[in-house]
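These notes concern the structure reproduced below.
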Amino acid sequence: MQKPAVAHDFEDPLPLLAPPELKPGSWDVAARRLLAKMLGEFAYEEIIEPVPPPVGDRHTLPLDDGGTLSFRAVRGAYGSWRVNPETIQLHERHADADADVDADPNATAEGRPFGDPLRFLVLARRLLALDGATLGHLIRELSATLAADARLDHTAVSAAHLADLGYAELEGHQTGHPWLVLNKGRLGFSATDTARWAPEARTPSTLPWIAVSTELAGYRGVPLLATPERLYARELDVPTRESFAAALLARGLDPERYLYLPVHPWQWEEVVLPLFAPAVAQGAIVPLPTDGDVRLPQQSIRTFLNTSRPDRHTVKLPLAVLNTLVWRGLPTERTLAAPAVTAWVHGLRDADPFLRDECGVILLGEVASVAVEHPLYDGLPEVPYQYRELLGAIWREPLTGRLAPGERARTLASLLHTDPAGRAFTAELVARSGLAPAVWLQRLFTALLPPLLHFLYRYGTVFSPHGENAIVVFDDHDIPVRLAIKDFVDDVNVSAQSLPEHDSMPDDVREVLLTEPPAFLTQFIHSGLFVGVFRYLAPLCEDQLGVPENEFWSLVRAEILRHQARFPELKDRYEIFDLLTPRIERLCLNRNRLHLDGYRDRPSRPHAAVHGTVPNPLHLS
């Protein structure tokens, strides 16, 4: 007898759909490219040590099971490796090698093409010295990075098309940190979250706002934005401010006792509602509608540019995802200190004719901030640091209004981009400029280096001029003319050796800025710019512009010496902050993830590992 149907109220599940980029062809191309990057960066950091060929041109790498990988590679500056992805082969151990006592113990089968970085982790887990927990998380983060790479390939456009894009739109086409293998892991995001919020999704969105009681939230601003009312008058239209106040009044709350800030929708769902639930229940945190402005996520994933009103500030929001080396939150203390750091750095620039007038350096300051303390976590220094970076916002000056007529800006990272046809973005810009490649590069170094060197030598202060923080400003012929720089409170460091120029530093700035010995302070330029960007740009220029690598580094060195000759009175500083030493310490970003910190919780943010030294291409032997 047939059983009667059981009535239920459940809805049918949504159909399961695979993203269009997850197809064998696009996945295999991205995987092979990422494996080559992995081999090259792991070899650079000496996580692996490929065996040079006694004959021929193929390096080999022994695997855990007795098999080997082989590949062709070119060595470059700082001891770097460039592995050709099309040459990677897997040589499997003969199955009968152990059974036959006369068999060669090193015998391997004929090599076959190999391009699977996930499988490589499994085949080399003992070689890589990975513990089980690290290996498990590593596979997940690598898989997420690969999926993002496949998505970028699926939507890639030509270098010529990219050259016509604006600053905000160009960001969504970048491929991520060139040094870090796991550069788009975004642990915490689902596939749906990634499709909506990742920069390569290129999806403009509006952001909701919240009101937070001043018992939990604090405001800081530069003198022009000394009060929150001044900030809101610039950032929010009158009807929006009135609607925010009305939402509070409707609940019997006093708007004068609240601060407004945008919040990332993912952060609201995943962090604020669960971890600030008592504050939400008591009305200390009140959800508000959006301000209506459309914003676009940038490469840092937690930073949004306003595309509706480009003259309004960029906002930087905490996002509790693990991406690259750290959780992408906003530390409460440093968030509050950001405007004071900006005021100090701006003061150095504005009082220095070389920086202000000759360089015309643009410092995109973090001019206002709201930090929200968690009632429990912020008083517990021993808990994992991500729990003290949960809620807040930083408002950063936009580029709009700071460029001269005809100027346009692009992040330094964009110069490393190569389109699907293999054409480098840099090659496209050089062709448009009409300059000889070496002359264009000299203009690039003249735009980038003098302000960075002057801050280092004159003020014992460094930024972290990596590809995302450093912005190249071009004229209307795509010739580099000057530098813009951002991210001060997180990435400005000062000399631990006392300098007279630091005497006027305000106490609140002194308390929050990180200090380093002079010998290590130069690492921020070496590792952030020379190793982290130029190490990749130099071979690209050799391949596509015909400028040999040694000439590239000679041009960099010449710019440093030209700057030193311009300020002979700082001769002692050139010795204290010596960029031309024979060798420098090897900073290791991937080694940190694999061996130093892994995925463990810790009460403070991790830093790059140091492992040995590498030759400095700027040293003239």
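In the structure tokens, chains take the letters A, B, ... in the order shown, each chain's residues start at 1, and ligands count up from 1 in the order shown.
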
**Request:** Just the strand (DSSP E) stuff from region 97-346 of chain A, please, per backbone DSSP, written as a ChimeraX atom specification.
**Result:** /A:112-113,205-213,217-221,258-262,285-297,303-306,314-316,319-323,326-328

**Request:** Could you give me, as a ChimeraX atom specification, the residues within 8 Å of region 41-45 of chain A, counting only C-alpha atoms and dropping anything in the same chain fewer than 2 positions from it?
**Result:** /A:37-39,47-50,79-81,179-181,586-588,590-591,611

**Asked** Hey, what's within 10 Å of Arg241 (chain A) if we count only C-alpha atoms and toss same-chain stuff fewer than 6 positions away? As a list of chain:residue names, please?
**Response** A:Tyr232, A:Ala233, A:Glu235, A:Tyr260, A:Asp291

Could you dump the residues just selected with all heavy atoms as an mmCIF file, in the first residue's frame?
data_model
loop_
_atom_site.group_PDB
_atom_site.id
_atom_site.type_symbol
_atom_site.label_atom_id
_atom_site.label_comp_id
_atom_site.auth_asym_id
_atom_site.auth_seq_id
_atom_site.Cartn_x
_atom_site.Cartn_y
_atom_site.Cartn_z
ATOM 1 N N TYR A 232 31.411 63.854 9.135
ATOM 2 C CA TYR A 232 30.109 63.457 8.589
ATOM 3 C C TYR A 232 29.543 64.513 7.642
ATOM 4 O O TYR A 232 28.838 64.185 6.683
ATOM 5 C CB TYR A 232 29.125 63.183 9.728
ATOM 6 C CG TYR A 232 29.577 62.078 10.660
ATOM 7 C CD1 TYR A 232 29.309 62.127 12.029
ATOM 8 C CD2 TYR A 232 30.297 60.980 10.180
ATOM 9 C CE1 TYR A 232 29.720 61.122 12.883
ATOM 10 C CE2 TYR A 232 30.722 59.970 11.037
ATOM 11 C CZ TYR A 232 30.438 60.050 12.381
ATOM 12 O OH TYR A 232 30.860 59.061 13.230
ATOM 13 N N ALA A 233 29.871 65.770 7.883
ATOM 14 C CA ALA A 233 29.403 66.826 6.988
ATOM 15 C C ALA A 233 30.005 66.667 5.596
ATOM 16 O O ALA A 233 29.387 67.048 4.589
ATOM 17 C CB ALA A 233 29.757 68.198 7.559
ATOM 18 N N GLU A 235 31.184 63.536 4.436
ATOM 19 C CA GLU A 235 30.973 62.179 3.922
ATOM 20 C C GLU A 235 29.508 61.817 3.717
ATOM 21 O O GLU A 235 29.209 60.910 2.939
ATOM 22 C CB GLU A 235 31.598 61.161 4.894
ATOM 23 C CG GLU A 235 33.116 61.166 4.893
ATOM 24 C CD GLU A 235 33.690 60.761 3.541
ATOM 25 O OE1 GLU A 235 33.476 59.605 3.125
ATOM 26 O OE2 GLU A 235 34.330 61.610 2.900
ATOM 27 N N TYR A 260 28.912 57.336 13.996
ATOM 28 C CA TYR A 260 28.497 56.581 12.814
ATOM 29 C C TYR A 260 29.731 56.030 12.099
ATOM 30 O O TYR A 260 30.759 56.701 11.990
ATOM 31 C CB TYR A 260 27.734 57.480 11.829
ATOM 32 C CG TYR A 260 26.520 58.172 12.397
ATOM 33 C CD1 TYR A 260 26.240 59.499 12.060
ATOM 34 C CD2 TYR A 260 25.648 57.506 13.248
ATOM 35 C CE1 TYR A 260 25.120 60.142 12.553
ATOM 36 C CE2 TYR A 260 24.515 58.152 13.756
ATOM 37 C CZ TYR A 260 24.269 59.471 13.419
ATOM 38 O OH TYR A 260 23.162 60.103 13.912
ATOM 39 N N ASP A 291 24.473 54.582 3.149
ATOM 40 C CA ASP A 291 24.516 56.003 2.789
ATOM 41 C C ASP A 291 24.209 56.212 1.318
ATOM 42 O O ASP A 291 24.130 57.350 0.846
ATOM 43 C CB ASP A 291 25.872 56.611 3.139
ATOM 44 C CG ASP A 291 27.024 55.949 2.399
ATOM 45 O OD1 ASP A 291 26.793 54.939 1.706
ATOM 46 O OD2 ASP A 291 28.172 56.428 2.527
#

**Asked** Skipping near chain neighbours, those fewer than 5 positions away, what residues fall within 9 Å of region 135-139 of chain A using only C-alpha atoms, listed as a PyMOL selection string?
**Response** chain A and resi 118+121-122+125+130+144+182+593-594+598-599

**Request:** For region 443-449 of chain A, work out the shell of residues within 7 Å, counting only C-alpha atoms and skipping chain neighbours fewer than 5 positions away, then give it as a PyMOL selection string.
**Result:** chain A and resi 480-483+556+559

Output N, CA and C atoms for every residue in that selection, as a PDB file, in the first residue's frame.
ATOM      1  N   PRO A 480      56.078  58.117 -16.049  1.00  0.00           N
ATOM      2  CA  PRO A 480      56.034  58.287 -14.582  1.00  0.00           C
ATOM      3  C   PRO A 480      56.602  59.645 -14.180  1.00  0.00           C
ATOM      4  N   VAL A 481      55.882  60.339 -13.295  1.00  0.00           N
ATOM      5  CA  VAL A 481      56.331  61.675 -12.894  1.00  0.00           C
ATOM      6  C   VAL A 481      56.471  61.835 -11.382  1.00  0.00           C
ATOM      7  N   ARG A 482      55.696  61.108 -10.593  1.00  0.00           N
ATOM      8  CA  ARG A 482      55.835  61.251  -9.139  1.00  0.00           C
ATOM      9  C   ARG A 482      55.173  60.082  -8.426  1.00  0.00           C
ATOM     10  N   LEU A 483      55.287  60.110  -7.100  1.00  0.00           N
ATOM     11  CA  LEU A 483      54.854  59.001  -6.252  1.00  0.00           C
ATOM     12  C   LEU A 483      53.719  59.441  -5.343  1.00  0.00           C
ATOM     13  N   VAL A 556      68.855  51.687 -11.084  1.00  0.00           N
ATOM     14  CA  VAL A 556      68.394  51.876  -9.701  1.00  0.00           C
ATOM     15  C   VAL A 556      69.524  52.430  -8.853  1.00  0.00           C
ATOM     16  N   GLU A 559      70.275  56.076  -9.496  1.00  0.00           N
ATOM     17  CA  GLU A 559      69.315  56.996  -8.901  1.00  0.00           C
ATOM     18  C   GLU A 559      69.617  57.215  -7.424  1.00  0.00           C
TER      19      GLU A 559
END

**Asked** Leaving out region 403-412 of chain A and any residue of its chain fewer than 5 positions from it, which residues lie within 6 Å of it when counting only C-alpha atoms, given as an MDAnalysis selection string?
**Response** chainID A and resid 167 467:468 470:476

Give me a file of those residues, with all heavy atoms, as a PDB file, in the first residue's frame.
ATOM      1  N   TYR A 167      41.984  54.286 -11.975  1.00  0.00           N
ATOM      2  CA  TYR A 167      42.695  53.692 -10.840  1.00  0.00           C
ATOM      3  C   TYR A 167      41.852  52.639 -10.128  1.00  0.00           C
ATOM      4  O   TYR A 167      42.314  51.517  -9.869  1.00  0.00           O
ATOM      5  CB  TYR A 167      43.094  54.798  -9.867  1.00  0.00           C
ATOM      6  CG  TYR A 167      43.706  54.311  -8.575  1.00  0.00           C
ATOM      7  CD1 TYR A 167      45.037  53.966  -8.523  1.00  0.00           C
ATOM      8  CD2 TYR A 167      42.944  54.192  -7.415  1.00  0.00           C
ATOM      9  CE1 TYR A 167      45.613  53.514  -7.345  1.00  0.00           C
ATOM     10  CE2 TYR A 167      43.506  53.739  -6.235  1.00  0.00           C
ATOM     11  CZ  TYR A 167      44.833  53.402  -6.204  1.00  0.00           C
ATOM     12  OH  TYR A 167      45.391  52.940  -5.041  1.00  0.00           O
ATOM     13  N   GLY A 467      53.936  46.883  -3.747  1.00  0.00           N
ATOM     14  CA  GLY A 467      53.189  47.195  -4.951  1.00  0.00           C
ATOM     15  C   GLY A 467      51.818  47.762  -4.719  1.00  0.00           C
ATOM     16  O   GLY A 467      51.280  48.478  -5.577  1.00  0.00           O
ATOM     17  N   GLU A 468      51.218  47.471  -3.584  1.00  0.00           N
ATOM     18  CA  GLU A 468      49.870  47.971  -3.296  1.00  0.00           C
ATOM     19  C   GLU A 468      49.901  49.348  -2.650  1.00  0.00           C
ATOM     20  O   GLU A 468      49.039  50.180  -2.912  1.00  0.00           O
ATOM     21  CB  GLU A 468      49.160  46.972  -2.383  1.00  0.00           C
ATOM     22  CG  GLU A 468      47.728  47.312  -2.059  1.00  0.00           C
ATOM     23  CD  GLU A 468      47.181  46.370  -1.001  1.00  0.00           C
ATOM     24  OE1 GLU A 468      47.318  45.156  -1.174  1.00  0.00           O
ATOM     25  OE2 GLU A 468      46.628  46.864   0.000  1.00  0.00           O
ATOM     26  N   ALA A 470      52.465  51.650  -2.856  1.00  0.00           N
ATOM     27  CA  ALA A 470      53.108  52.642  -3.713  1.00  0.00           C
ATOM     28  C   ALA A 470      52.265  52.819  -4.973  1.00  0.00           C
ATOM     29  O   ALA A 470      51.897  51.853  -5.638  1.00  0.00           O
ATOM     30  CB  ALA A 470      54.522  52.211  -4.060  1.00  0.00           C
ATOM     31  N   ILE A 471      51.974  54.070  -5.293  1.00  0.00           N
ATOM     32  CA  ILE A 471      51.140  54.414  -6.446  1.00  0.00           C
ATOM     33  C   ILE A 471      51.961  55.315  -7.356  1.00  0.00           C
ATOM     34  O   ILE A 471      52.512  56.326  -6.918  1.00  0.00           O
ATOM     35  CB  ILE A 471      49.859  55.136  -5.989  1.00  0.00           C
ATOM     36  CG1 ILE A 471      49.060  54.232  -5.042  1.00  0.00           C
ATOM     37  CG2 ILE A 471      49.010  55.553  -7.181  1.00  0.00           C
ATOM     38  CD1 ILE A 471      47.994  54.966  -4.259  1.00  0.00           C
ATOM     39  N   VAL A 472      52.069  54.913  -8.616  1.00  0.00           N
ATOM     40  CA  VAL A 472      52.827  55.700  -9.591  1.00  0.00           C
ATOM     41  C   VAL A 472      51.874  56.680 -10.277  1.00  0.00           C
ATOM     42  O   VAL A 472      50.819  56.287 -10.775  1.00  0.00           O
ATOM     43  CB  VAL A 472      53.489  54.794 -10.650  1.00  0.00           C
ATOM     44  CG1 VAL A 472      54.385  55.625 -11.569  1.00  0.00           C
ATOM     45  CG2 VAL A 472      54.307  53.690  -9.978  1.00  0.00           C
ATOM     46  N   VAL A 473      52.278  57.937 -10.297  1.00  0.00           N
ATOM     47  CA  VAL A 473      51.508  58.970 -10.988  1.00  0.00           C
ATOM     48  C   VAL A 473      52.174  59.221 -12.343  1.00  0.00           C
ATOM     49  O   VAL A 473      53.396  59.443 -12.420  1.00  0.00           O
ATOM     50  CB  VAL A 473      51.445  60.273 -10.171  1.00  0.00           C
ATOM     51  CG1 VAL A 473      50.672  61.346 -10.927  1.00  0.00           C
ATOM     52  CG2 VAL A 473      50.798  60.006  -8.815  1.00  0.00           C
ATOM     53  N   PHE A 474      51.378  59.157 -13.408  1.00  0.00           N
ATOM     54  CA  PHE A 474      51.865  59.325 -14.778  1.00  0.00           C
ATOM     55  C   PHE A 474      51.324  60.628 -15.361  1.00  0.00           C
ATOM     56  O   PHE A 474      50.243  61.094 -14.973  1.00  0.00           O
ATOM     57  CB  PHE A 474      51.378  58.167 -15.661  1.00  0.00           C
ATOM     58  CG  PHE A 474      51.836  56.805 -15.225  1.00  0.00           C
ATOM     59  CD1 PHE A 474      51.190  56.124 -14.200  1.00  0.00           C
ATOM     60  CD2 PHE A 474      52.909  56.192 -15.852  1.00  0.00           C
ATOM     61  CE1 PHE A 474      51.602  54.861 -13.800  1.00  0.00           C
ATOM     62  CE2 PHE A 474      53.333  54.924 -15.463  1.00  0.00           C
ATOM     63  CZ  PHE A 474      52.679  54.254 -14.436  1.00  0.00           C
ATOM     64  N   ASP A 475      52.082  61.165 -16.329  1.00  0.00           N
ATOM     65  CA  ASP A 475      51.554  62.322 -17.055  1.00  0.00           C
ATOM     66  C   ASP A 475      50.647  61.839 -18.184  1.00  0.00           C
ATOM     67  O   ASP A 475      50.340  60.646 -18.293  1.00  0.00           O
ATOM     68  CB  ASP A 475      52.689  63.220 -17.555  1.00  0.00           C
ATOM     69  CG  ASP A 475      53.547  62.566 -18.645  1.00  0.00           C
ATOM     70  OD1 ASP A 475      53.152  61.507 -19.183  1.00  0.00           O
ATOM     71  OD2 ASP A 475      54.620  63.120 -18.956  1.00  0.00           O
ATOM     72  N   ASP A 476      50.210  62.762 -19.040  1.00  0.00           N
ATOM     73  CA  ASP A 476      49.251  62.393 -20.079  1.00  0.00           C
ATOM     74  C   ASP A 476      49.873  61.600 -21.223  1.00  0.00           C
ATOM     75  O   ASP A 476      49.185  61.217 -22.169  1.00  0.00           O
ATOM     76  CB  ASP A 476      48.535  63.638 -20.615  1.00  0.00           C
ATOM     77  CG  ASP A 476      49.494  64.692 -21.130  1.00  0.00           C
ATOM     78  OD1 ASP A 476      50.729  64.500 -21.017  1.00  0.00           O
ATOM     79  OD2 ASP A 476      49.029  65.725 -21.647  1.00  0.00           O
TER      80      ASP A 476
END

**Request:** Give the helix (DSSP H, G or I) residues of region 11-217 of chain A, as assigned by DSSP on the backbone, as a ChimeraX atom specification.
**Result:** /A:24-44,77-79,85-87,117-123,132-154,159-163,167-171,191-197,199-201

**Request:** May I ask for the distance between CA of Thr194 (chain A) and CA of Glu171 (chain A), given in Å to one decimal place?
**Result:**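 Between CA of Thr194 (chain A) and CA of Glu171 (chain A) the gap is 15.8 Å.
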
**Prompt:** Excluding same-chain residues fewer than 5 positions from region 362-369 of chain A, what lies within 7 Å of it counting only C-alpha atoms, as number ranges by chain?
**Reply:** A: 219-222, 225, 335-336, 338-339, 342, 393-398, 483-486

**Prompt:** Quick one, how far is CA of Tyr574 (chain A) from CA of Tyr457 (chain A)?
**Reply:**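 Computing it gives 6.7 Å between the two atoms.
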
**Message:** Using only C-alpha atoms, can you tell me which of A:Thr145, A:Asn306, A:Thr240, A:Ser205 comes closest to Trp27 (chain A)?
**Reply:** A:Thr145

**Nearest-residue call for Pro506 (chain A), choices A:Ala337, A:Pro582, A:Val462, A:Arg602, using only C-alpha atoms** =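 Among the listed residues, A:Ala337 lies closest to Pro506 (chain A).
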
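The space between CA of Arg573 (chain A) and CA of Asn493 (chain A) spans 16.3 Å.
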
Taking only residues of region 7-87 of chain A that have an atom at most 8 Å from an atom of region 526-549 of chain A, what is each one's shortest atom pair and its distance in Å to one decimal, using only C-alpha atoms, in chain and number order, as CSV?
residue,atom,partner,partner_atom,distance
A:Gly76,CA,A:Arg535,CA,7.8
A:Ala77,CA,A:Arg535,CA,6.4
A:Tyr78,CA,A:Val531,CA,7.3
A:Ser80,CA,A:Arg535,CA,7.7

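Proximity to Gly185 (chain A) was assessed for A:Leu620, A:Ser143, A:Pro199, A:Asp508 counting only C-alpha atoms; the smallest distance is recorded for A:Ser143.
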
**Asked** Closest to Val430 (chain A) among A:Ala148, A:Phe567, A:Ala519, A:Ala160, using only C-alpha atoms?
**Response**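 Of A:Ala148, A:Phe567, A:Ala519, A:Ala160, the one nearest Val430 (chain A) is A:Ala160, counting only C-alpha atoms.
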